[in-house]
Amino acid sequence: MLRAFRLLLRPGGRTGFYTIHTSPGLDERLRQRAHRSGPWAVAAAHQPGELLRRAGYVDVAEFDVTDEFRTTARLWIEQWDTHRDALIELHGEADFASRQALRRTELQAIEEGLLCRSLVVGRRPG
Amino acid sequence: MVTRAEREASERFVQRYRESRVDAVRAVEQAVIGGDWGANGYTTVAQADRLGSLLELGPGVVVLDVGAGRGWPGLYLAATTGCSVVSADVPVEGLRLARARAADAGVADRSWSVNASARTLPFRAAAFGAVIHTDVLC
C-alpha cells in the first residue's frame, strides 16, 4: 500500500501516519503473542520507518509514541468503566465486556513491551 | 481485492457507525482523545496537530486521508490548517457521517468523500500533496 500511496503523491509530497506494530527484537513466540494482542492488521515483518524507505520514500523520520499509546489505551478502559451503565445500555453487556477485554489484552501487551506505536513521515522524491 | 480480515473489520466499523453518539460516548472521546470527532482509536488531538505540523499542511495542500472513517483526523486538519481533504474508506456509513461533520466544521467546500479501499484507490497519479492514515497500516 505504501508504494501505491507514493504514486498518488506529487513529487515532493509527504506522507505521515500513526501505526501500531510489534516491538523490535522480539523472538518468534513473543512476536506471535504481540500479533494476537494487537489490532487485526499488526503483521508487518519490518519496522514502519524501514517499510517506508523500502517503498521509495526519502527523508524518513520515525517517532516513538508508545508512552502516549499506553496512556490512551488506559484512558479508553477507565473512561468506559466510568460510563459503564450508559455504554452497556448502548452496546449491550456482552459487547461492552468483549471490547473492554480486548482493550485490556492490548494494554497488557503494551506494558509488557510487545506492542509499540509510532508516527512515521516521509517524502516522495521530487 | 478485500481480504476476509479487512471485510470483518469493515463490518465491525459499520456497526459502530450506526451506534448513537449519546452523551456518554462524547464524554469518553473528549476525555480520551481531547475532541469530539467520532474518533475511536488512539490518535489524540495533540497527535493530529503534530501530524499536520510535520507534513506542513495548509491552504492549497490536498490531503488524502485513507481509512478515514467518520473523517478523523482529516476533517479536523482541514478545519485547523486550511488544507483540503479527500476522505477515503470502505464503509459508506462512516463517510455519510463525515459529510455531515464537514458541513458542521465549515469545510464542506474543501472536503470530499470517496468510497474506496486502500488497496484500490481510484485517483490519478500525483494527485495529492499529502497522504495520511492513522492505525490503518499496522
# chains A, B, ... in the order shown; residues from 1 in each chain; ligands from 1
>>> residues_around(residues="region 121-133 of chain B", least_positions_apart="2", cutoff="9 Å", atoms="only C-alpha atoms", output="VMD selection string")
(chain A and resid 4 to 19 123) or (chain B and resid 51 55 57 60 to 68 73 to 74 88 114 116 to 119 135 to 137)
>>> write_last_selection(atoms="N, CA and C atoms", output="short mmCIF file (atom, residue, chain, number, x, y, z; two decimals), in the first residue's frame")
data_model
loop_
_atom_site.label_atom_id
_atom_site.label_comp_id
_atom_site.auth_asym_id
_atom_site.auth_seq_id
_atom_site.Cartn_x
_atom_site.Cartn_y
_atom_site.Cartn_z
N ALA A 4 1.83 2.25 -3.43
CA ALA A 4 0.70 2.83 -4.16
C ALA A 4 0.44 4.26 -3.70
N PHE A 5 0.55 4.49 -2.40
CA PHE A 5 0.34 5.85 -1.88
C PHE A 5 1.41 6.80 -2.44
N ARG A 6 2.64 6.31 -2.57
CA ARG A 6 3.71 7.17 -3.08
C ARG A 6 3.38 7.68 -4.49
N LEU A 7 2.80 6.80 -5.30
CA LEU A 7 2.46 7.20 -6.66
C LEU A 7 1.34 8.25 -6.68
N LEU A 8 0.54 8.26 -5.63
CA LEU A 8 -0.54 9.26 -5.57
C LEU A 8 -0.04 10.63 -5.14
N LEU A 9 1.18 10.66 -4.58
CA LEU A 9 1.75 11.94 -4.14
C LEU A 9 2.41 12.66 -5.31
N ARG A 10 2.25 13.97 -5.32
CA ARG A 10 3.02 14.73 -6.30
C ARG A 10 4.49 14.67 -5.87
N PRO A 11 5.44 14.86 -6.79
CA PRO A 11 6.84 14.85 -6.40
C PRO A 11 7.09 15.86 -5.27
N GLY A 12 7.75 15.42 -4.24
CA GLY A 12 7.99 16.27 -3.08
C GLY A 12 6.88 16.20 -2.04
N GLY A 13 5.77 15.55 -2.38
CA GLY A 13 4.65 15.42 -1.44
C GLY A 13 5.02 14.53 -0.27
N ARG A 14 4.30 14.69 0.83
CA ARG A 14 4.67 13.99 2.06
C ARG A 14 3.59 13.00 2.50
N THR A 15 4.03 11.95 3.15
CA THR A 15 3.09 11.07 3.81
C THR A 15 3.40 11.04 5.30
N GLY A 16 2.39 10.80 6.09
CA GLY A 16 2.60 10.66 7.52
C GLY A 16 1.52 9.77 8.10
N PHE A 17 1.91 8.92 9.01
CA PHE A 17 0.90 8.03 9.59
C PHE A 17 1.31 7.54 10.97
N TYR A 18 0.30 7.25 11.75
CA TYR A 18 0.50 6.56 13.03
C TYR A 18 0.24 5.08 12.79
N THR A 19 1.05 4.25 13.41
CA THR A 19 0.88 2.82 13.21
C THR A 19 1.26 2.03 14.46
N ARG A 123 8.87 11.49 2.45
CA ARG A 123 8.59 12.36 1.30
C ARG A 123 8.84 11.61 0.00
N LEU B 51 0.95 15.71 13.49
CA LEU B 51 0.98 15.19 12.12
C LEU B 51 0.83 16.32 11.11
N LEU B 55 3.79 17.55 8.37
CA LEU B 55 3.50 17.49 6.94
C LEU B 55 3.34 18.88 6.33
N LEU B 57 0.92 21.03 6.53
CA LEU B 57 -0.37 21.20 5.88
C LEU B 57 -0.83 22.64 5.98
N GLY B 60 -4.16 25.14 0.11
CA GLY B 60 -3.58 24.74 -1.16
C GLY B 60 -3.08 23.31 -1.19
N VAL B 61 -2.90 22.71 -0.01
CA VAL B 61 -2.45 21.31 0.04
C VAL B 61 -3.69 20.41 0.03
N VAL B 62 -3.71 19.45 -0.88
CA VAL B 62 -4.81 18.48 -0.92
C VAL B 62 -4.33 17.19 -0.27
N VAL B 63 -5.03 16.80 0.78
CA VAL B 63 -4.63 15.65 1.59
C VAL B 63 -5.57 14.48 1.31
N LEU B 64 -4.99 13.30 1.14
CA LEU B 64 -5.79 12.07 1.08
C LEU B 64 -5.73 11.40 2.45
N ASP B 65 -6.89 11.21 3.07
CA ASP B 65 -6.98 10.52 4.37
C ASP B 65 -7.52 9.11 4.11
N VAL B 66 -6.65 8.13 4.21
CA VAL B 66 -7.01 6.74 3.89
C VAL B 66 -7.57 6.06 5.14
N GLY B 67 -8.70 5.37 4.98
CA GLY B 67 -9.34 4.74 6.14
C GLY B 67 -9.90 5.79 7.07
N ALA B 68 -10.57 6.76 6.47
CA ALA B 68 -10.93 7.99 7.20
C ALA B 68 -12.08 7.81 8.19
N PRO B 73 -8.56 11.90 11.32
CA PRO B 73 -8.36 13.32 11.64
C PRO B 73 -8.37 14.24 10.44
N GLY B 74 -8.68 13.72 9.24
CA GLY B 74 -8.58 14.55 8.05
C GLY B 74 -9.42 15.81 8.10
N ALA B 88 -11.22 8.77 2.28
CA ALA B 88 -11.49 7.51 1.57
C ALA B 88 -11.66 6.38 2.58
N VAL B 114 -14.81 9.58 -0.68
CA VAL B 114 -14.73 8.59 -1.75
C VAL B 114 -14.84 7.19 -1.14
N ALA B 116 -13.87 3.84 -1.20
CA ALA B 116 -12.83 3.02 -1.84
C ALA B 116 -11.93 2.39 -0.79
N SER B 117 -11.43 1.21 -1.12
CA SER B 117 -10.46 0.52 -0.28
C SER B 117 -9.07 1.10 -0.50
N ALA B 118 -8.25 1.02 0.53
CA ALA B 118 -6.86 1.49 0.39
C ALA B 118 -6.12 0.72 -0.69
N ARG B 119 -6.58 -0.49 -0.99
CA ARG B 119 -5.90 -1.32 -2.00
C ARG B 119 -6.25 -0.94 -3.42
N ASP B 135 -3.40 4.29 12.08
CA ASP B 135 -3.63 2.92 12.53
C ASP B 135 -4.40 2.08 11.51
N VAL B 136 -4.23 2.44 10.24
CA VAL B 136 -4.77 1.62 9.15
C VAL B 136 -3.74 0.57 8.78
N LEU B 137 -2.51 1.02 8.63
CA LEU B 137 -1.40 0.10 8.36
C LEU B 137 -0.80 -0.29 9.70
#
>>> closest_atom_pairs(of="region 22-91 of chain B", to="region 73-95 of chain A", cutoff="7 Å", atoms="only C-alpha atoms", output="CSV")
residue,atom,partner,partner_atom,distance
B:Ala24,CA,A:His83,CA,6.2
B:Val28,CA,A:Gln79,CA,5.6
B:Val32,CA,A:Leu75,CA,5.7
>>> write_last_selection(atoms="N, CA and C atoms", output="compact mmCIF listing (two decimals), in the first residue's frame")
# COMPACT_ATOMS: atom_id res chain seq x y z
N ALA B 24 -22.63 9.97 26.77
CA ALA B 24 -21.53 9.22 27.37
C ALA B 24 -20.42 8.97 26.36
N VAL B 28 -16.61 10.33 26.76
CA VAL B 28 -15.45 9.43 26.72
C VAL B 28 -14.43 9.93 25.71
N VAL B 32 -10.60 11.03 26.36
CA VAL B 32 -9.50 10.19 25.85
C VAL B 32 -8.74 10.88 24.72
>>> residues_around(residues="Asp109 (chain B)", least_positions_apart="6", cutoff="12 Å", atoms="only C-alpha atoms", output="ChimeraX atom specification")
/B:75,78-79,82-86,99,102-103
>>> closest_residue(among="B:Thr134, B:Gly71, B:Asn40, B:Pro91", to="chain A", atoms="only C-alpha atoms")
B:Thr134
>>> select_by_dssp(residues="chain A", states="strand (DSSP E or B)", output="short mmCIF file (atom, residue, chain, number, x, y, z; two decimals) with C-alpha atoms, in the first residue's frame")
data_model
loop_
_atom_site.label_atom_id
_atom_site.label_comp_id
_atom_site.auth_asym_id
_atom_site.auth_seq_id
_atom_site.Cartn_x
_atom_site.Cartn_y
_atom_site.Cartn_z
CA LEU A 9 1.75 11.94 -4.14
CA ARG A 10 3.02 14.73 -6.30
CA PRO A 11 6.84 14.85 -6.40
CA GLY A 12 7.99 16.27 -3.08
CA GLY A 13 4.65 15.42 -1.44
CA ARG A 14 4.67 13.99 2.06
CA THR A 15 3.09 11.07 3.81
CA GLY A 16 2.60 10.66 7.52
CA PHE A 17 0.90 8.03 9.59
CA TYR A 18 0.50 6.56 13.03
CA THR A 19 0.88 2.82 13.21
CA ILE A 20 0.76 0.09 15.84
CA HIS A 21 3.46 -2.53 15.43
CA THR A 22 5.39 -5.20 17.25
CA VAL A 58 13.12 9.74 1.38
CA ASP A 59 13.65 11.96 4.43
CA VAL A 60 12.01 9.27 6.52
CA ALA A 61 11.64 10.04 10.22
CA GLU A 62 10.13 7.80 12.88
CA PHE A 63 8.91 8.93 16.30
CA ASP A 64 8.10 6.51 19.08
CA LEU A 115 3.39 -3.57 21.12
CA CYS A 116 4.60 -0.13 20.07
CA ARG A 117 3.06 2.80 18.25
CA SER A 118 5.00 5.13 16.01
CA LEU A 119 4.50 8.26 13.98
CA VAL A 120 6.29 7.94 10.65
CA VAL A 121 6.75 10.60 8.00
CA GLY A 122 8.46 10.54 4.61
CA ARG A 123 8.59 12.36 1.30
#
>>> closest_residue(among="B:Ala31, B:Arg70, B:Val92, B:Arg26", to="chain A", atoms="only C-alpha atoms")
B:Ala31
